[in-house]
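What follows is a set of notes on a single structure, which appears directly below.
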Amino acid sequence: MPQPPERYARPSVVVHWLMFVLFACALAAIEYKGTLPKGSAERALFTSIHMMLGQSILLVACVRVWLRWRYAAPTDIGSAWQVASARLVHWVLYAMMFVLPVTGVLFMQAGGHDVPLLSWTLPRLVVENPSLKSTLKSVHEFIGNAVYFVVGLHIVGALWHQFVQRDNLLTRMR
């Protein structure tokens, strides 16, 4: 059986950091949108930017899963509870990469809106339904807010390994 690599494969590293940038921009766009007057062209623009970034997150998440399957990951580092915690955080992050864009599309469609993707319109998955829209919007916003916490845990864990345990964990993702 082959030995696990010491570092993540270059494509996996690039997609990891691309996903970080996409999430940061999507969150920044929606936060900034909230400061703009309702009904303004600028608010609509930042809604569109947020939606485009969310769809990009979904597409890149598919690539990320394929890369995870294609390339072996380095051996886990740390005690049993640290490894279990890291795996849980990674599973939650992967779930967020898929659930956030899907709930965003569904709540827009449940609100009676078409959802553009490049020059196309995504097929309707749900009919207009104000009650469903409200539920999906609440789920989308809750998970969107939880991203800050989960990404924070991910960062704290990486920094703990790098600077407290001094096991050079960050070199695997550079």
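In the structure tokens, each chain is lettered A, B, ... as it comes, each chain's residues begin at 1, and ligands are numbered from 1 in order of appearance.
Counting only C-alpha atoms, His140 (chain A) has the following residues at most 8 Å away, ignoring those fewer than 3 positions along the same chain: Val99, Leu100, Thr103, Gly104, Leu136, Lys137, Ile143 and Gly144 of chain A.
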Selected residues written out with C-alpha atoms, as a PDB file, in the first residue's frame:
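Written out: part.pdb:
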ATOM      1  CA  VAL A  99     -26.198  23.227   1.312  1.00  0.00           C
ATOM      2  CA  LEU A 100     -25.691  27.003   1.214  1.00  0.00           C
ATOM      3  CA  THR A 103     -30.844  26.565  -0.227  1.00  0.00           C
ATOM      4  CA  GLY A 104     -30.072  29.942  -1.820  1.00  0.00           C
ATOM      5  CA  LEU A 136     -35.414  28.081   3.242  1.00  0.00           C
ATOM      6  CA  LYS A 137     -34.257  31.668   3.720  1.00  0.00           C
ATOM      7  CA  ILE A 143     -25.927  28.272   7.919  1.00  0.00           C
ATOM      8  CA  GLY A 144     -24.398  31.403   6.369  1.00  0.00           C
TER       9      GLY A 144
END
Tell me, which residues of region 8-163 of chain A carry DSSP helix (DSSP H, G or I), written as a ChimeraX atom specification? /A:10-33,41-70,80-110,130-163
Could you turn the residues from that selection into a file that holds C-alpha atoms, as a short mmCIF file (atom, residue, chain, number, x, y, z; two decimals), in the first residue's frame?
data_model
loop_
_atom_site.label_atom_id
_atom_site.label_comp_id
_atom_site.auth_asym_id
_atom_site.auth_seq_id
_atom_site.Cartn_x
_atom_site.Cartn_y
_atom_site.Cartn_z
CA ARG A 10 -1.11 21.26 -5.69
CA PRO A 11 -4.63 21.22 -7.28
CA SER A 12 -6.16 20.51 -3.87
CA VAL A 13 -4.24 23.40 -2.32
CA VAL A 14 -5.29 25.81 -5.08
CA VAL A 15 -8.95 24.80 -4.79
CA HIS A 16 -8.82 25.06 -0.97
CA TRP A 17 -7.66 28.68 -1.13
CA LEU A 18 -10.01 29.48 -4.03
CA MET A 19 -12.90 28.23 -1.90
CA PHE A 20 -11.76 30.47 0.95
CA VAL A 21 -11.70 33.51 -1.37
CA LEU A 22 -15.13 32.66 -2.82
CA PHE A 23 -16.66 32.30 0.64
CA ALA A 24 -15.04 35.52 1.87
CA CYS A 25 -16.31 37.44 -1.18
CA ALA A 26 -19.81 35.93 -0.98
CA LEU A 27 -20.07 36.84 2.69
CA ALA A 28 -18.67 40.32 2.09
CA ALA A 29 -21.12 40.92 -0.77
CA ILE A 30 -24.16 39.93 1.27
CA GLU A 31 -23.00 41.90 4.31
CA TYR A 32 -22.43 45.00 2.18
CA LYS A 33 -25.79 44.51 0.43
CA ALA A 41 -29.67 49.25 -8.19
CA GLU A 42 -26.58 48.84 -6.01
CA ARG A 43 -28.42 46.47 -3.65
CA ALA A 44 -29.61 44.40 -6.63
CA LEU A 45 -26.06 44.31 -7.98
CA PHE A 46 -24.65 42.96 -4.71
CA THR A 47 -27.44 40.39 -4.52
CA SER A 48 -26.44 39.24 -8.01
CA ILE A 49 -22.76 39.15 -7.04
CA HIS A 50 -23.61 37.09 -3.95
CA MET A 51 -25.67 34.66 -6.03
CA MET A 52 -22.94 34.31 -8.66
CA LEU A 53 -20.35 33.63 -5.97
CA GLY A 54 -22.66 31.09 -4.30
CA GLN A 55 -23.10 29.23 -7.57
CA SER A 56 -19.34 29.32 -8.05
CA ILE A 57 -18.93 27.81 -4.59
CA LEU A 58 -21.21 24.94 -5.57
CA LEU A 59 -19.27 24.27 -8.79
CA VAL A 60 -15.88 24.50 -7.06
CA ALA A 61 -17.17 22.23 -4.27
CA CYS A 62 -17.87 19.55 -6.89
CA VAL A 63 -14.30 19.92 -8.15
CA ARG A 64 -13.05 19.82 -4.58
CA VAL A 65 -14.83 16.54 -3.85
CA TRP A 66 -13.40 15.05 -7.03
CA LEU A 67 -9.89 16.19 -6.04
CA ARG A 68 -10.34 14.70 -2.58
CA TRP A 69 -11.20 11.39 -4.23
CA ARG A 70 -8.42 11.68 -6.83
CA ALA A 80 -7.51 11.08 18.66
CA TRP A 81 -9.83 13.89 19.78
CA GLN A 82 -8.03 16.42 17.56
CA VAL A 83 -8.29 14.14 14.54
CA ALA A 84 -11.99 13.48 15.25
CA SER A 85 -12.65 17.21 15.71
CA ALA A 86 -10.80 18.10 12.51
CA ARG A 87 -12.74 15.48 10.56
CA LEU A 88 -16.04 16.76 11.94
CA VAL A 89 -15.17 20.36 11.04
CA HIS A 90 -14.15 19.28 7.54
CA TRP A 91 -17.41 17.35 7.03
CA VAL A 92 -19.42 20.37 8.22
CA LEU A 93 -17.49 22.67 5.87
CA TYR A 94 -18.11 20.33 2.93
CA ALA A 95 -21.82 20.18 3.80
CA MET A 96 -21.94 23.99 3.93
CA MET A 97 -20.30 24.21 0.48
CA PHE A 98 -23.26 22.31 -0.95
CA VAL A 99 -26.20 23.23 1.31
CA LEU A 100 -25.69 27.00 1.21
CA PRO A 101 -25.86 27.39 -2.59
CA VAL A 102 -28.72 24.89 -2.91
CA THR A 103 -30.84 26.56 -0.23
CA GLY A 104 -30.07 29.94 -1.82
CA VAL A 105 -31.35 28.79 -5.21
CA LEU A 106 -34.39 27.11 -3.67
CA PHE A 107 -35.43 30.07 -1.54
CA MET A 108 -35.16 32.41 -4.52
CA GLN A 109 -37.28 30.06 -6.61
CA ALA A 110 -39.79 29.60 -3.80
CA PRO A 130 -44.02 32.00 0.47
CA SER A 131 -43.96 29.65 3.46
CA LEU A 132 -41.25 27.46 1.91
CA LYS A 133 -39.32 30.59 0.92
CA SER A 134 -39.35 31.82 4.52
CA THR A 135 -38.15 28.47 5.85
CA LEU A 136 -35.41 28.08 3.24
CA LYS A 137 -34.26 31.67 3.72
CA SER A 138 -33.99 31.11 7.48
CA VAL A 139 -31.98 27.91 6.95
CA HIS A 140 -29.74 29.65 4.38
CA GLU A 141 -29.08 32.61 6.70
CA PHE A 142 -28.50 30.40 9.75
CA ILE A 143 -25.93 28.27 7.92
CA GLY A 144 -24.40 31.40 6.37
CA ASN A 145 -23.88 32.84 9.84
CA ALA A 146 -22.57 29.50 11.13
CA VAL A 147 -19.85 29.62 8.45
CA TYR A 148 -18.07 32.33 10.46
CA PHE A 149 -17.93 30.05 13.50
CA VAL A 150 -16.95 26.85 11.67
CA VAL A 151 -14.26 28.56 9.57
CA GLY A 152 -13.03 30.19 12.77
CA LEU A 153 -12.68 26.74 14.38
CA HIS A 154 -10.84 25.51 11.29
CA ILE A 155 -8.40 28.44 11.44
CA VAL A 156 -7.87 28.19 15.21
CA GLY A 157 -7.16 24.46 14.89
CA ALA A 158 -4.63 25.05 12.11
CA LEU A 159 -2.92 27.84 14.04
CA TRP A 160 -2.87 25.72 17.22
CA HIS A 161 -1.08 22.95 15.37
CA GLN A 162 1.36 25.32 13.71
CA PHE A 163 2.30 27.60 16.61
#
Atom-to-atom span, CA of Pro4 (chain A) and CA of Thr171 (chain A), Å: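 Computing it gives 15.2 Å between the two atoms.
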Under the rule that only C-alpha atoms are counted, which of A:Asn168, A:Thr75, A:Ser40, A:Thr35 is the nearest residue to Pro5 (chain A)? A:Thr75
Picked from region 91-125 of chain A by DSSP as strand (DSSP E or B), as a list in words: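 Selection result, strand (DSSP E or B) within region 91-125 of chain A: Pro116, Leu117, Trp120 and Thr121 of chain A.
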Would you save the residues from that selection as a PDB file, in the first residue's frame, using N, CA and C atoms?
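So the final result, stored in part.pdb, reads:
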ATOM      1  N   PRO A 116     -30.595  33.092 -12.446  1.00  0.00           N
ATOM      2  CA  PRO A 116     -29.704  33.015 -13.612  1.00  0.00           C
ATOM      3  C   PRO A 116     -28.402  32.306 -13.273  1.00  0.00           C
ATOM      4  N   LEU A 117     -27.871  31.622 -14.266  1.00  0.00           N
ATOM      5  CA  LEU A 117     -26.535  31.031 -14.194  1.00  0.00           C
ATOM      6  C   LEU A 117     -25.885  31.351 -15.522  1.00  0.00           C
ATOM      7  N   TRP A 120     -27.913  31.548 -18.799  1.00  0.00           N
ATOM      8  CA  TRP A 120     -29.064  30.654 -18.733  1.00  0.00           C
ATOM      9  C   TRP A 120     -29.867  30.930 -17.470  1.00  0.00           C
ATOM     10  N   THR A 121     -31.026  30.316 -17.416  1.00  0.00           N
ATOM     11  CA  THR A 121     -31.840  30.330 -16.208  1.00  0.00           C
ATOM     12  C   THR A 121     -31.885  28.905 -15.676  1.00  0.00           C
TER      13      THR A 121
END
For a quick check of understanding, using only C-alpha atoms, which of A:Gln3, A:Asn129, A:Gln165, A:Ser119 has the smallest distance to Pro74 (chain A)?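 Nearest candidate to Pro74 (chain A) out of A:Gln3, A:Asn129, A:Gln165, A:Ser119: A:Gln3.
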